[in-house]
file target18.cif (mmCIF, C-alpha atoms and all ligand atoms)
data_query
loop_
_atom_site.label_atom_id
_atom_site.label_comp_id
_atom_site.auth_asym_id
_atom_site.auth_seq_id
_atom_site.Cartn_x
_atom_site.Cartn_y
_atom_site.Cartn_z
CA MET A 216 -13.65 12.66 59.56
CA THR A 217 -13.66 11.67 63.20
CA GLY A 218 -13.03 8.05 64.08
CA TYR A 219 -14.47 5.60 66.59
CA ARG A 220 -13.09 2.90 68.71
CA GLN A 221 -15.02 -0.32 68.37
CA SER A 222 -16.08 -0.03 72.00
CA ASP A 223 -17.88 3.24 71.19
CA LEU A 224 -19.74 1.75 68.24
CA GLU A 225 -20.73 -1.19 70.38
CA GLN A 226 -23.15 0.89 72.38
CA LYS A 227 -24.07 3.39 69.67
CA LEU A 228 -25.22 1.16 66.88
CA ILE A 229 -28.17 -1.03 67.88
CA THR A 230 -29.44 -3.45 65.25
CA VAL A 231 -32.89 -4.99 65.69
CA ALA A 232 -33.22 -8.32 63.86
CA SER A 233 -35.28 -11.50 64.08
CA GLY A 234 -35.21 -14.04 61.32
CA LYS A 235 -38.98 -14.52 61.34
CA GLY A 236 -41.23 -11.70 60.14
CA GLY A 237 -43.96 -10.05 62.16
CA VAL A 238 -42.50 -10.66 65.62
CA GLY A 239 -42.49 -6.98 66.52
CA LYS A 240 -39.06 -5.75 65.39
CA THR A 241 -40.34 -2.45 64.10
CA VAL A 242 -42.58 -1.59 67.03
CA PHE A 243 -39.74 -2.51 69.37
CA ALA A 244 -37.15 -0.50 67.38
CA VAL A 245 -39.47 2.54 67.27
CA THR A 246 -40.29 2.35 70.98
CA LEU A 247 -36.66 1.74 71.99
CA SER A 248 -35.52 4.74 69.91
CA HIS A 249 -38.29 6.85 71.40
CA ALA A 250 -37.39 5.75 74.93
CA LEU A 251 -33.71 6.58 74.34
CA ALA A 252 -34.71 10.02 73.07
CA ARG A 253 -36.85 10.53 76.19
CA LEU A 254 -33.72 9.74 78.21
CA GLY A 255 -32.24 12.85 76.61
CA ARG A 256 -30.29 11.13 73.85
CA ASP A 257 -30.10 12.11 70.20
CA VAL A 258 -31.21 9.05 68.25
CA LEU A 259 -31.34 8.14 64.59
CA LEU A 260 -33.74 5.34 63.67
CA PHE A 261 -32.93 3.84 60.31
CA ASP A 262 -35.54 1.70 58.59
CA GLY A 263 -33.42 -1.08 57.12
CA ASP A 264 -36.43 -2.89 55.68
CA LEU A 265 -35.31 -1.56 52.34
CA GLY A 266 -38.04 -0.85 49.84
CA LEU A 267 -40.83 -1.09 52.38
CA ALA A 268 -42.08 1.55 54.75
CA ASN A 269 -42.57 0.25 58.26
CA VAL A 270 -41.23 2.90 60.59
CA ASP A 271 -42.88 5.92 58.96
CA ILE A 272 -46.19 4.06 58.68
CA GLN A 273 -46.14 3.11 62.38
CA LEU A 274 -45.42 6.73 63.32
CA GLY A 275 -47.80 8.27 60.78
CA LEU A 276 -44.99 10.27 59.16
CA MET A 277 -44.77 11.46 55.58
CA PRO A 278 -41.07 11.70 54.79
CA GLN A 279 -40.06 13.85 51.83
CA HIS A 280 -37.07 11.68 51.04
CA ASP A 281 -36.53 7.98 51.18
CA ILE A 282 -33.79 5.44 50.93
CA GLY A 283 -34.32 5.11 47.18
CA ASP A 284 -33.14 8.75 46.83
CA VAL A 285 -30.02 7.89 48.83
CA ILE A 286 -29.21 4.69 46.97
CA SER A 287 -29.68 6.34 43.60
CA GLY A 288 -27.21 9.01 44.75
CA ASN A 289 -29.68 11.95 44.61
CA ILE A 290 -29.18 12.93 48.26
CA ASP A 291 -26.85 11.92 51.02
CA LEU A 292 -27.96 9.82 53.97
CA ALA A 293 -28.07 12.68 56.50
CA ALA A 294 -30.37 14.69 54.22
CA ALA A 295 -32.91 11.86 54.24
CA ALA A 296 -33.47 12.18 57.99
CA LEU A 297 -36.75 13.54 59.29
CA THR A 298 -37.22 14.66 62.88
CA TYR A 299 -40.08 13.07 64.80
CA THR A 300 -41.78 15.76 66.83
CA ASP A 301 -42.45 14.67 70.39
CA PRO A 302 -44.07 17.60 72.22
CA VAL A 303 -43.29 16.07 75.61
CA ASN A 304 -39.59 15.59 74.92
CA ARG A 305 -37.50 18.73 75.19
CA ARG A 306 -34.16 17.04 75.78
CA GLY A 307 -33.42 14.29 73.29
CA ARG A 308 -34.15 14.06 69.59
CA LEU A 309 -35.50 11.29 67.39
CA ASP A 310 -34.65 11.39 63.68
CA ILE A 311 -35.91 8.84 61.21
CA ILE A 312 -34.69 7.67 57.83
CA SER A 313 -37.45 5.91 55.95
CA GLY A 314 -36.85 2.62 54.17
CA ARG A 315 -39.56 3.43 51.67
CA SER A 316 -38.53 3.59 48.08
CA GLY A 317 -40.37 5.18 45.19
CA SER A 318 -38.36 2.89 42.96
CA GLY A 319 -39.74 -0.36 44.33
CA ALA A 320 -38.30 -3.26 46.33
CA LEU A 321 -34.66 -2.91 47.20
CA SER A 322 -33.94 -6.44 48.35
CA THR A 323 -31.59 -6.80 45.38
CA VAL A 324 -29.55 -3.65 46.02
CA ALA A 325 -25.98 -4.18 44.79
CA THR A 326 -23.57 -5.10 47.56
CA GLU A 327 -21.32 -2.11 46.98
CA ARG A 328 -24.24 0.31 47.37
CA LEU A 329 -25.31 -1.47 50.52
CA MET A 330 -21.78 -1.20 51.88
CA GLY A 331 -21.89 2.53 51.06
CA LEU A 332 -25.12 2.81 53.01
CA LYS A 333 -23.60 0.98 55.94
CA SER A 334 -20.53 3.18 56.09
CA GLY A 335 -22.83 6.22 55.83
CA LEU A 336 -24.70 4.91 58.86
CA THR A 337 -21.49 4.32 60.79
CA ALA A 338 -20.41 7.86 59.98
CA LEU A 339 -23.74 9.19 61.24
CA CYS A 340 -22.95 7.63 64.62
CA GLY A 341 -20.80 10.75 65.02
CA ARG A 342 -23.87 12.98 65.09
CA TYR A 343 -26.03 10.88 67.36
CA ASP A 344 -25.83 9.16 70.71
CA HIS A 345 -27.43 6.07 69.19
CA VAL A 346 -28.24 4.79 65.73
CA VAL A 347 -30.97 2.14 65.76
CA LEU A 348 -31.21 -0.08 62.70
CA ASP A 349 -34.52 -1.87 62.15
CA LEU A 350 -33.82 -4.80 59.84
CA ALA A 351 -36.06 -6.70 57.45
CA ALA A 352 -37.13 -10.25 58.30
CA GLY A 353 -35.25 -13.17 56.82
CA VAL A 354 -31.63 -14.15 56.61
CA ASP A 355 -30.82 -13.12 53.05
CA ALA A 356 -27.47 -11.66 52.08
CA ASN A 357 -28.52 -8.01 52.34
CA VAL A 358 -29.96 -8.49 55.83
CA GLN A 359 -26.77 -10.23 56.92
CA THR A 360 -24.58 -7.54 55.36
CA LEU A 361 -26.38 -4.80 57.29
CA ALA A 362 -26.32 -6.83 60.50
CA ASP A 363 -22.60 -7.49 60.20
CA ASN A 364 -21.48 -4.40 62.11
CA HIS A 365 -19.65 -3.67 65.33
CA GLY A 366 -22.72 -2.74 67.31
CA VAL A 367 -25.15 -4.64 69.50
CA ILE A 368 -27.63 -6.93 67.76
CA LEU A 369 -30.94 -7.38 69.52
CA VAL A 370 -32.66 -10.48 68.18
CA VAL A 371 -36.41 -10.37 68.72
CA LEU A 372 -38.39 -13.58 68.94
CA ALA A 373 -41.91 -14.53 69.93
CA PRO A 374 -42.93 -17.66 71.86
CA ASP A 375 -43.86 -19.74 68.81
CA PRO A 376 -41.52 -22.52 67.58
CA THR A 377 -41.02 -21.08 64.07
CA SER A 378 -39.85 -17.82 65.57
CA LEU A 379 -37.33 -19.75 67.66
CA THR A 380 -35.96 -21.68 64.66
CA ASP A 381 -35.66 -18.52 62.57
CA ALA A 382 -33.99 -16.58 65.39
CA TYR A 383 -31.54 -19.46 65.79
CA ALA A 384 -30.83 -19.43 62.01
CA PHE A 385 -30.18 -15.70 62.13
CA ILE A 386 -27.84 -16.02 65.12
CA LYS A 387 -25.95 -18.90 63.52
CA LEU A 388 -25.30 -16.92 60.31
CA ALA A 389 -24.41 -13.73 62.18
CA ARG A 390 -21.88 -15.59 64.35
CA LEU A 391 -20.45 -17.33 61.29
CA ARG A 392 -19.75 -13.92 59.76
CA ASN A 393 -18.50 -12.52 63.02
CA PRO A 394 -17.74 -14.96 65.85
CA GLU A 395 -17.53 -11.99 68.24
CA ALA A 396 -20.96 -10.55 67.30
CA ASP A 397 -22.63 -9.06 70.39
CA ILE A 398 -26.07 -10.69 70.18
CA ARG A 399 -28.69 -10.26 72.87
CA ILE A 400 -32.23 -11.60 73.01
CA VAL A 401 -35.55 -9.78 73.30
CA VAL A 402 -38.62 -11.98 73.76
CA ASN A 403 -41.75 -10.21 72.53
CA ARG A 404 -45.43 -11.12 72.72
CA ALA A 405 -44.90 -13.25 75.83
CA GLN A 406 -48.04 -14.38 77.66
CA GLY A 407 -46.58 -13.45 81.02
CA GLN A 408 -43.07 -13.45 82.49
CA LEU A 409 -42.83 -17.24 82.74
CA ASP A 410 -43.74 -17.70 79.07
CA GLY A 411 -41.02 -15.16 78.19
CA GLU A 412 -38.43 -16.92 80.35
CA ARG A 413 -39.30 -20.31 78.86
CA THR A 414 -38.95 -18.91 75.35
CA TYR A 415 -35.56 -17.41 76.12
CA GLU A 416 -34.43 -20.62 77.82
CA ALA A 417 -35.34 -22.71 74.74
CA LEU A 418 -33.25 -20.45 72.51
CA ARG A 419 -30.35 -20.27 74.95
CA ARG A 420 -30.24 -24.06 75.18
CA VAL A 421 -30.24 -24.64 71.44
CA ALA A 422 -27.62 -21.92 70.85
CA LYS A 423 -25.43 -23.39 73.57
CA ALA A 424 -25.74 -26.94 72.21
CA PHE A 425 -25.11 -26.16 68.54
CA LEU A 426 -23.14 -22.90 68.54
CA ASN A 427 -21.44 -23.08 71.91
CA PHE A 428 -22.78 -19.58 72.47
CA GLU A 429 -25.25 -18.36 75.08
CA PRO A 430 -26.76 -15.04 74.02
CA PRO A 431 -27.79 -13.01 77.07
CA LEU A 432 -31.38 -11.90 77.63
CA ALA A 433 -31.92 -8.16 77.06
CA GLY A 434 -35.57 -8.19 78.11
CA ILE A 435 -39.04 -9.72 77.94
CA LEU A 436 -41.95 -7.81 76.41
CA GLN A 437 -45.45 -9.06 76.96
CA GLU A 438 -48.36 -9.28 74.59
CA ASP A 439 -50.24 -6.02 75.03
CA GLU A 440 -53.32 -5.00 73.08
CA ARG A 441 -52.32 -1.35 73.43
CA VAL A 442 -49.43 -2.03 71.06
CA THR A 443 -51.81 -3.13 68.31
CA GLU A 444 -54.16 -0.25 69.05
CA ALA A 445 -51.40 2.36 68.73
CA ILE A 446 -50.08 0.82 65.50
CA ARG A 447 -53.58 0.82 64.00
CA ARG A 448 -53.79 4.52 64.77
CA GLN A 449 -50.30 5.14 63.41
CA ALA A 450 -49.28 6.65 66.71
CA ALA A 451 -46.13 6.04 68.76
CA VAL A 452 -46.91 3.49 71.50
CA LEU A 453 -44.79 5.48 73.96
CA SER A 454 -46.82 8.66 73.41
CA ARG A 455 -50.19 6.96 73.30
CA HIS A 456 -49.75 4.49 76.15
CA PRO A 457 -46.86 5.77 78.29
CA GLN A 458 -48.00 3.72 81.30
CA SER A 459 -48.32 0.43 79.42
CA ARG A 460 -46.31 -2.59 80.42
CA PHE A 461 -44.76 -2.73 76.93
CA VAL A 462 -43.43 0.83 77.22
CA LYS A 463 -42.08 0.20 80.72
CA ASP A 464 -40.32 -2.99 79.65
CA VAL A 465 -38.79 -1.35 76.56
CA GLY A 466 -37.74 1.58 78.76
CA ALA A 467 -35.86 -0.83 81.01
CA ILE A 468 -33.91 -2.14 77.99
CA ALA A 469 -33.16 1.46 76.88
CA LYS A 470 -31.60 2.23 80.25
CA HIS A 471 -28.98 -0.46 79.61
CA PHE A 472 -27.47 1.57 76.79
CA PRO A 473 -25.08 4.13 78.21
CA VAL A 474 -24.27 7.44 76.57
CA ARG A 475 -20.97 7.36 74.73
CA LEU A 476 -18.81 10.06 73.30
CA ARG A 477 -20.32 11.51 70.14
CA ALA A 478 -16.98 11.55 68.39
CA LEU A 479 -13.33 11.04 69.10
CA ALA A 480 -10.84 13.69 68.22
CA GLY A 481 -8.44 12.93 65.38
N1 LIG B 1 -46.08 -6.83 72.44
C1 LIG B 1 -47.05 -6.86 71.50
N2 LIG B 1 -48.34 -6.96 71.88
C2 LIG B 1 -49.33 -7.01 70.97
N3 LIG B 1 -49.14 -6.97 69.62
C3 LIG B 1 -47.88 -6.88 69.19
C4 LIG B 1 -46.77 -6.81 70.09
N4 LIG B 1 -45.64 -6.71 69.35
C5 LIG B 1 -46.03 -6.72 68.06
N5 LIG B 1 -47.37 -6.83 67.95
C6 LIG B 1 -48.18 -6.92 66.72
O1 LIG B 1 -47.40 -7.51 65.71
C7 LIG B 1 -47.54 -6.77 64.50
C8 LIG B 1 -46.22 -6.79 63.77
O2 LIG B 1 -45.32 -5.90 64.43
P1 LIG B 1 -44.09 -5.28 63.65
O3 LIG B 1 -44.51 -4.71 62.33
O4 LIG B 1 -43.40 -4.39 64.58
O5 LIG B 1 -43.25 -6.62 63.37
P2 LIG B 1 -41.97 -6.80 62.48
O6 LIG B 1 -41.17 -7.90 63.10
O7 LIG B 1 -41.27 -5.52 62.28
O8 LIG B 1 -42.59 -7.28 61.09
P3 LIG B 1 -41.85 -7.38 59.67
O9 LIG B 1 -41.02 -8.62 59.75
O10 LIG B 1 -42.98 -7.50 58.71
O11 LIG B 1 -41.02 -6.15 59.49
C9 LIG B 1 -47.99 -5.38 64.92
O12 LIG B 1 -48.86 -4.84 63.97
C10 LIG B 1 -48.66 -5.58 66.24
O13 LIG B 1 -50.04 -5.66 66.04
MG MG B 2 -40.69 -4.47 60.53
#
call {"tool": "encode", "arguments": {"input": "target18.cif", "output": "structure tokens"}}
result
Amino acid sequence: MTGYRQSDLEQKLITVASGKGGVGKTVFAVTLSHALARLGRDVLLFDGDLGLANVDIQLGLMPQHDIGDVISGNIDLAAAALTYTDPVNRRGRLDIISGRSGSGALSTVATERLMGLKSGLTALCGRYDHVVLDLAAGVDANVQTLADNHGVILVVLAPDPTSLTDAYAFIKLARLRNPEADIRIVVNRAQGQLDGERTYEALRRVAKAFLNFEPPLAGILQEDERVTEAIRRQAAVLSRHPQSRFVKDVGAIAKHFPVRLRALAG
């Protein structure tokens, strides 16, 4: 098996987290993955909301295999991947592993199986330019275990106060597990640039005061009705509304992730 330096994983593995539910993690993770693929990268999007099916529902996909098949040992992780067909994109590739499970909720998956899943994901970094991990809401042990990796963690929050408190709780726990965790902030559903900046500033201040840590801002995404419209139609926002502000702003974040070596020799 080929190995990776931590610096390679840092830009390859992108975890999307939040604390609070419903802030737009999945639509951001899907659009970011799509944007990276349009930049010519090979991307794997892993739906880490185990037991539920968010990514495949948003994209209107019907995967043959799901994470339940992987966890029960019926198939390996790579075999669960399904390629999203983007007729416009002839350069990069977007593969998806669904978090759906025929065997019900997986929030109580045994730690050792979860660790197996995580090392499988790390290994898959060898086949892709980026692996994007869309996490479940909350700060429970399984969410934290998946988030505790050597990649970049993008914490999504919306301008409401509960979102801020939950994002702070997530960051606090993630930094307790790994004081070096590379956490960056994405503000979603902002009512304009100023609202986004204020939201980021509130989080930065509280993180600085209580954690002595100032997470950098990765980007601000504005409230955009075209996002809701695309999700309702189970269509990728990037395909349906390529000129939308949301797509442009996510595209700007995607451009910050450089291409790294697929694998190191030895
Ligand atoms: N920028 C935006 N503009 C308008 N609506 C948005 C935006 N971002 C997210 N939404 C709305 O928020 C809803 C929730 O989005 P999404 O499912 O991506 O959130 P989530 O954080 O993944 O939720 P969960 O915690 O349940 O996994 C979407 O159905 C969409 O309607
Ligand atoms: Mg989600």
call {"tool": "closest_atom_pairs", "arguments": {"input": "target18.cif", "of": "chain A", "to": "ligand MG 2 (chain B)", "cutoff": "10 Å", "atoms": "all atoms listed in the file", "output": "Markdown table"}}
result
| residue | atom | partner | partner_atom | distance |
| --- | --- | --- | --- | --- |
| A:Val231 | CA | B:MG2 | MG | 9.4 |
| A:Ala232 | CA | B:MG2 | MG | 9.0 |
| A:Ser233 | CA | B:MG2 | MG | 9.6 |
| A:Gly236 | CA | B:MG2 | MG | 7.3 |
| A:Gly237 | CA | B:MG2 | MG | 6.7 |
| A:Val238 | CA | B:MG2 | MG | 8.2 |
| A:Gly239 | CA | B:MG2 | MG | 6.7 |
| A:Lys240 | CA | B:MG2 | MG | 5.3 |
| A:Thr241 | CA | B:MG2 | MG | 4.1 |
| A:Val242 | CA | B:MG2 | MG | 7.4 |
| A:Phe243 | CA | B:MG2 | MG | 9.1 |
| A:Ala244 | CA | B:MG2 | MG | 8.7 |
| A:Val245 | CA | B:MG2 | MG | 9.8 |
| A:Asp262 | CA | B:MG2 | MG | 8.3 |
| A:Gly263 | CA | B:MG2 | MG | 8.7 |
| A:Asp264 | CA | B:MG2 | MG | 6.6 |
| A:Leu267 | CA | B:MG2 | MG | 8.8 |
| A:Ala268 | CA | B:MG2 | MG | 8.5 |
| A:Asn269 | CA | B:MG2 | MG | 5.6 |
| A:Val270 | CA | B:MG2 | MG | 7.4 |
| A:Gln273 | CA | B:MG2 | MG | 9.5 |
| A:Asp349 | CA | B:MG2 | MG | 6.9 |
| A:Leu350 | CA | B:MG2 | MG | 6.9 |
| A:Ala351 | CA | B:MG2 | MG | 6.0 |
| A:Ala352 | CA | B:MG2 | MG | 7.1 |
call {"tool": "atom_distance", "arguments": {"input": "target18.cif", "atom1": "CA of Asn304 (chain A)", "atom2": "CA of Gly466 (chain A)"}}
result
14.6 Å
call {"tool": "axis_aligned_box", "arguments": {"input": "target18.cif", "around": "ligand LIG 1 (chain B)", "padding_each_side": "3 Å", "output": "lines of an AutoDock Vina configuration file"}}
result
center_x = -45.5
center_y = -6.5
center_z = 65.6
size_x = 15.0
size_y = 10.2
size_z = 19.7
call {"tool": "closest_residue", "arguments": {"input": "target18.cif", "among": "A:Arg448, A:Arg392, A:His345, A:Lys423", "to": "Thr360 (chain A)", "atoms": "all atoms listed in the file"}}
result
A:Arg392
call {"tool": "closest_residue", "arguments": {"input": "target18.cif", "among": "A:Ile312, A:Leu426, A:Leu372, A:Ala296", "to": "ligand LIG 1 (chain B)", "atoms": "only C-alpha atoms and all ligand atoms"}}
result
A:Leu372
call {"tool": "closest_residue", "arguments": {"input": "target18.cif", "among": "A:Gly266, A:Gly331, A:Gly255, A:Pro430", "to": "ligand LIG 1 (chain B)", "atoms": "all atoms listed in the file"}}
result
A:Gly266
call {"tool": "closest_residue", "arguments": {"input": "target18.cif", "among": "A:Thr246, A:Gln279, A:Ser378, A:Asn393", "to": "Gln359 (chain A)", "atoms": "all atoms listed in the file"}}
result
A:Asn393
call {"tool": "atom_distance", "arguments": {"input": "target18.cif", "atom1": "atom O12 of ligand LIG 1 (chain B)", "atom2": "CA of Asn403 (chain A)"}}
result
12.4 Å
call {"tool": "residues_around", "arguments": {"input": "target18.cif", "residues": "Thr298 (chain A)", "least_positions_apart": "4", "cutoff": "12 Å", "atoms": "all atoms listed in the file", "output": "PyMOL selection string"}}
result
chain A and resi 249+252+257-261+271+274+276-279+293-294+302+307-313
call {"tool": "closest_residue", "arguments": {"input": "target18.cif", "among": "A:Gly314, A:Pro473, A:Gly366, A:Pro394", "to": "ligand LIG 1 (chain B)", "atoms": "only C-alpha atoms and all ligand atoms"}}
result
A:Gly314
call {"tool": "closest_residue", "arguments": {"input": "target18.cif", "among": "A:Val465, A:Ile386, A:Ala450, A:Ile229", "to": "Glu429 (chain A)", "atoms": "only C-alpha atoms"}}
result
A:Ile386
call {"tool": "atom_distance", "arguments": {"input": "target18.cif", "atom1": "CA of Thr323 (chain A)", "atom2": "CA of Ser287 (chain A)"}}
result
13.4 Å
call {"tool": "residues_around", "arguments": {"input": "target18.cif", "residues": "Arg399 (chain A)", "least_positions_apart": "2", "cutoff": "10 Å", "atoms": "only C-alpha atoms", "output": "list in words"}}
result
Val231, Val367, Ile368, Leu369, Val370, Val371, Ile386, Ala396, Asp397, Val401, Glu429, Pro430, Pro431, Leu432, Ala433 and Gly434 of chain A
call {"tool": "residues_around", "arguments": {"input": "target18.cif", "residues": "Lys333 (chain A)", "least_positions_apart": "2", "cutoff": "10 Å", "atoms": "all atoms listed in the file", "output": "list in words"}}
result
Glu327, Arg328, Leu329, Met330, Gly331, Gly335, Leu336, Thr337, Ala338, Leu339, Thr360, Leu361, Ala362, Asp363 and Asn364 of chain A
call {"tool": "residues_around", "arguments": {"input": "target18.cif", "residues": "Leu409 (chain A)", "least_positions_apart": "4", "cutoff": "12 Å", "atoms": "all atoms listed in the file", "output": "ChimeraX atom specification"}}
result
/A:374,402,405,413-416,435-437
call {"tool": "decode", "arguments": {"input": "target18.cif", "residues": "region 319-408 of chain A", "atoms": "C-alpha atoms", "output": "compact mmCIF listing (two decimals), in the first residue's frame"}}
result
# COMPACT_ATOMS: atom_id res chain seq x y z
CA GLY A 319 -31.40 1.20 9.74
CA ALA A 320 -29.71 3.97 11.74
CA LEU A 321 -26.00 3.55 12.17
CA SER A 322 -25.38 6.14 14.85
CA THR A 323 -24.40 3.31 17.19
CA VAL A 324 -21.87 1.66 14.88
CA ALA A 325 -19.13 0.01 16.96
CA THR A 326 -16.00 2.11 17.25
CA GLU A 327 -13.76 -0.51 15.67
CA ARG A 328 -15.97 -0.70 12.57
CA LEU A 329 -15.99 3.07 12.34
CA MET A 330 -12.20 3.12 12.59
CA GLY A 331 -12.12 0.53 9.79
CA LEU A 332 -14.30 2.80 7.69
CA LYS A 333 -12.04 5.74 8.40
CA SER A 334 -8.89 3.92 7.42
CA GLY A 335 -10.68 2.71 4.27
CA LEU A 336 -11.42 6.35 3.45
CA THR A 337 -7.83 7.39 4.08
CA ALA A 338 -6.67 4.59 1.78
CA LEU A 339 -9.07 5.79 -0.91
CA CYS A 340 -7.27 9.14 -0.86
CA GLY A 341 -4.74 7.28 -3.01
CA ARG A 342 -7.23 6.97 -5.85
CA TYR A 343 -8.62 10.47 -5.76
CA ASP A 344 -7.41 14.04 -5.73
CA HIS A 345 -9.86 14.84 -2.95
CA VAL A 346 -12.08 12.91 -0.59
CA VAL A 347 -14.92 15.02 0.80
CA LEU A 348 -16.60 13.76 3.95
CA ASP A 349 -20.08 15.11 4.69
CA LEU A 350 -20.70 14.58 8.40
CA ALA A 351 -23.91 14.22 10.38
CA ALA A 352 -25.05 17.04 12.65
CA GLY A 353 -24.27 16.88 16.34
CA VAL A 354 -21.16 16.28 18.38
CA ASP A 355 -21.63 12.64 19.34
CA ALA A 356 -18.74 10.23 19.57
CA ASN A 357 -19.11 8.80 16.05
CA VAL A 358 -19.18 12.25 14.47
CA GLN A 359 -16.07 13.22 16.43
CA THR A 360 -14.30 9.98 15.52
CA LEU A 361 -14.85 10.59 11.81
CA ALA A 362 -13.85 14.23 12.11
CA ASP A 363 -10.64 13.37 13.94
CA ASN A 364 -8.48 13.02 10.83
CA HIS A 365 -5.50 14.78 9.34
CA GLY A 366 -7.43 16.70 6.74
CA VAL A 367 -9.08 20.10 6.62
CA ILE A 368 -12.32 20.52 8.57
CA LEU A 369 -14.75 23.05 7.15
CA VAL A 370 -17.24 24.03 9.83
CA VAL A 371 -20.46 25.38 8.34
CA LEU A 372 -22.62 27.75 10.34
CA ALA A 373 -25.59 29.96 9.63
CA PRO A 374 -26.21 33.43 11.09
CA ASP A 375 -28.50 32.28 13.92
CA PRO A 376 -27.19 32.13 17.51
CA THR A 377 -27.86 28.40 18.02
CA SER A 378 -25.80 27.61 14.97
CA LEU A 379 -22.96 29.66 16.43
CA THR A 380 -23.09 27.89 19.81
CA ASP A 381 -23.18 24.45 18.17
CA ALA A 382 -20.33 25.29 15.80
CA TYR A 383 -18.32 26.48 18.79
CA ALA A 384 -19.10 23.22 20.66
CA PHE A 385 -17.95 21.20 17.67
CA ILE A 386 -14.72 23.19 17.33
CA LYS A 387 -13.98 22.91 21.04
CA LEU A 388 -14.33 19.10 21.00
CA ALA A 389 -12.39 18.72 17.76
CA ARG A 390 -9.50 20.79 19.14
CA LEU A 391 -9.58 18.85 22.40
CA ARG A 392 -9.06 15.64 20.42
CA ASN A 393 -6.49 17.23 18.17
CA PRO A 394 -5.05 20.61 19.20
CA GLU A 395 -3.56 20.95 15.71
CA ALA A 396 -6.87 20.32 13.86
CA ASP A 397 -7.03 22.48 10.72
CA ILE A 398 -10.48 24.05 11.14
CA ARG A 399 -11.80 26.69 8.77
CA ILE A 400 -15.17 28.42 8.75
CA VAL A 401 -17.86 28.56 6.08
CA VAL A 402 -20.78 30.88 6.78
CA ASN A 403 -23.89 29.77 4.88
CA ARG A 404 -27.30 31.36 4.43
CA ALA A 405 -25.93 34.86 5.01
CA GLN A 406 -28.27 37.75 4.18
CA GLY A 407 -25.53 39.61 2.36
CA GLN A 408 -21.76 39.89 2.77
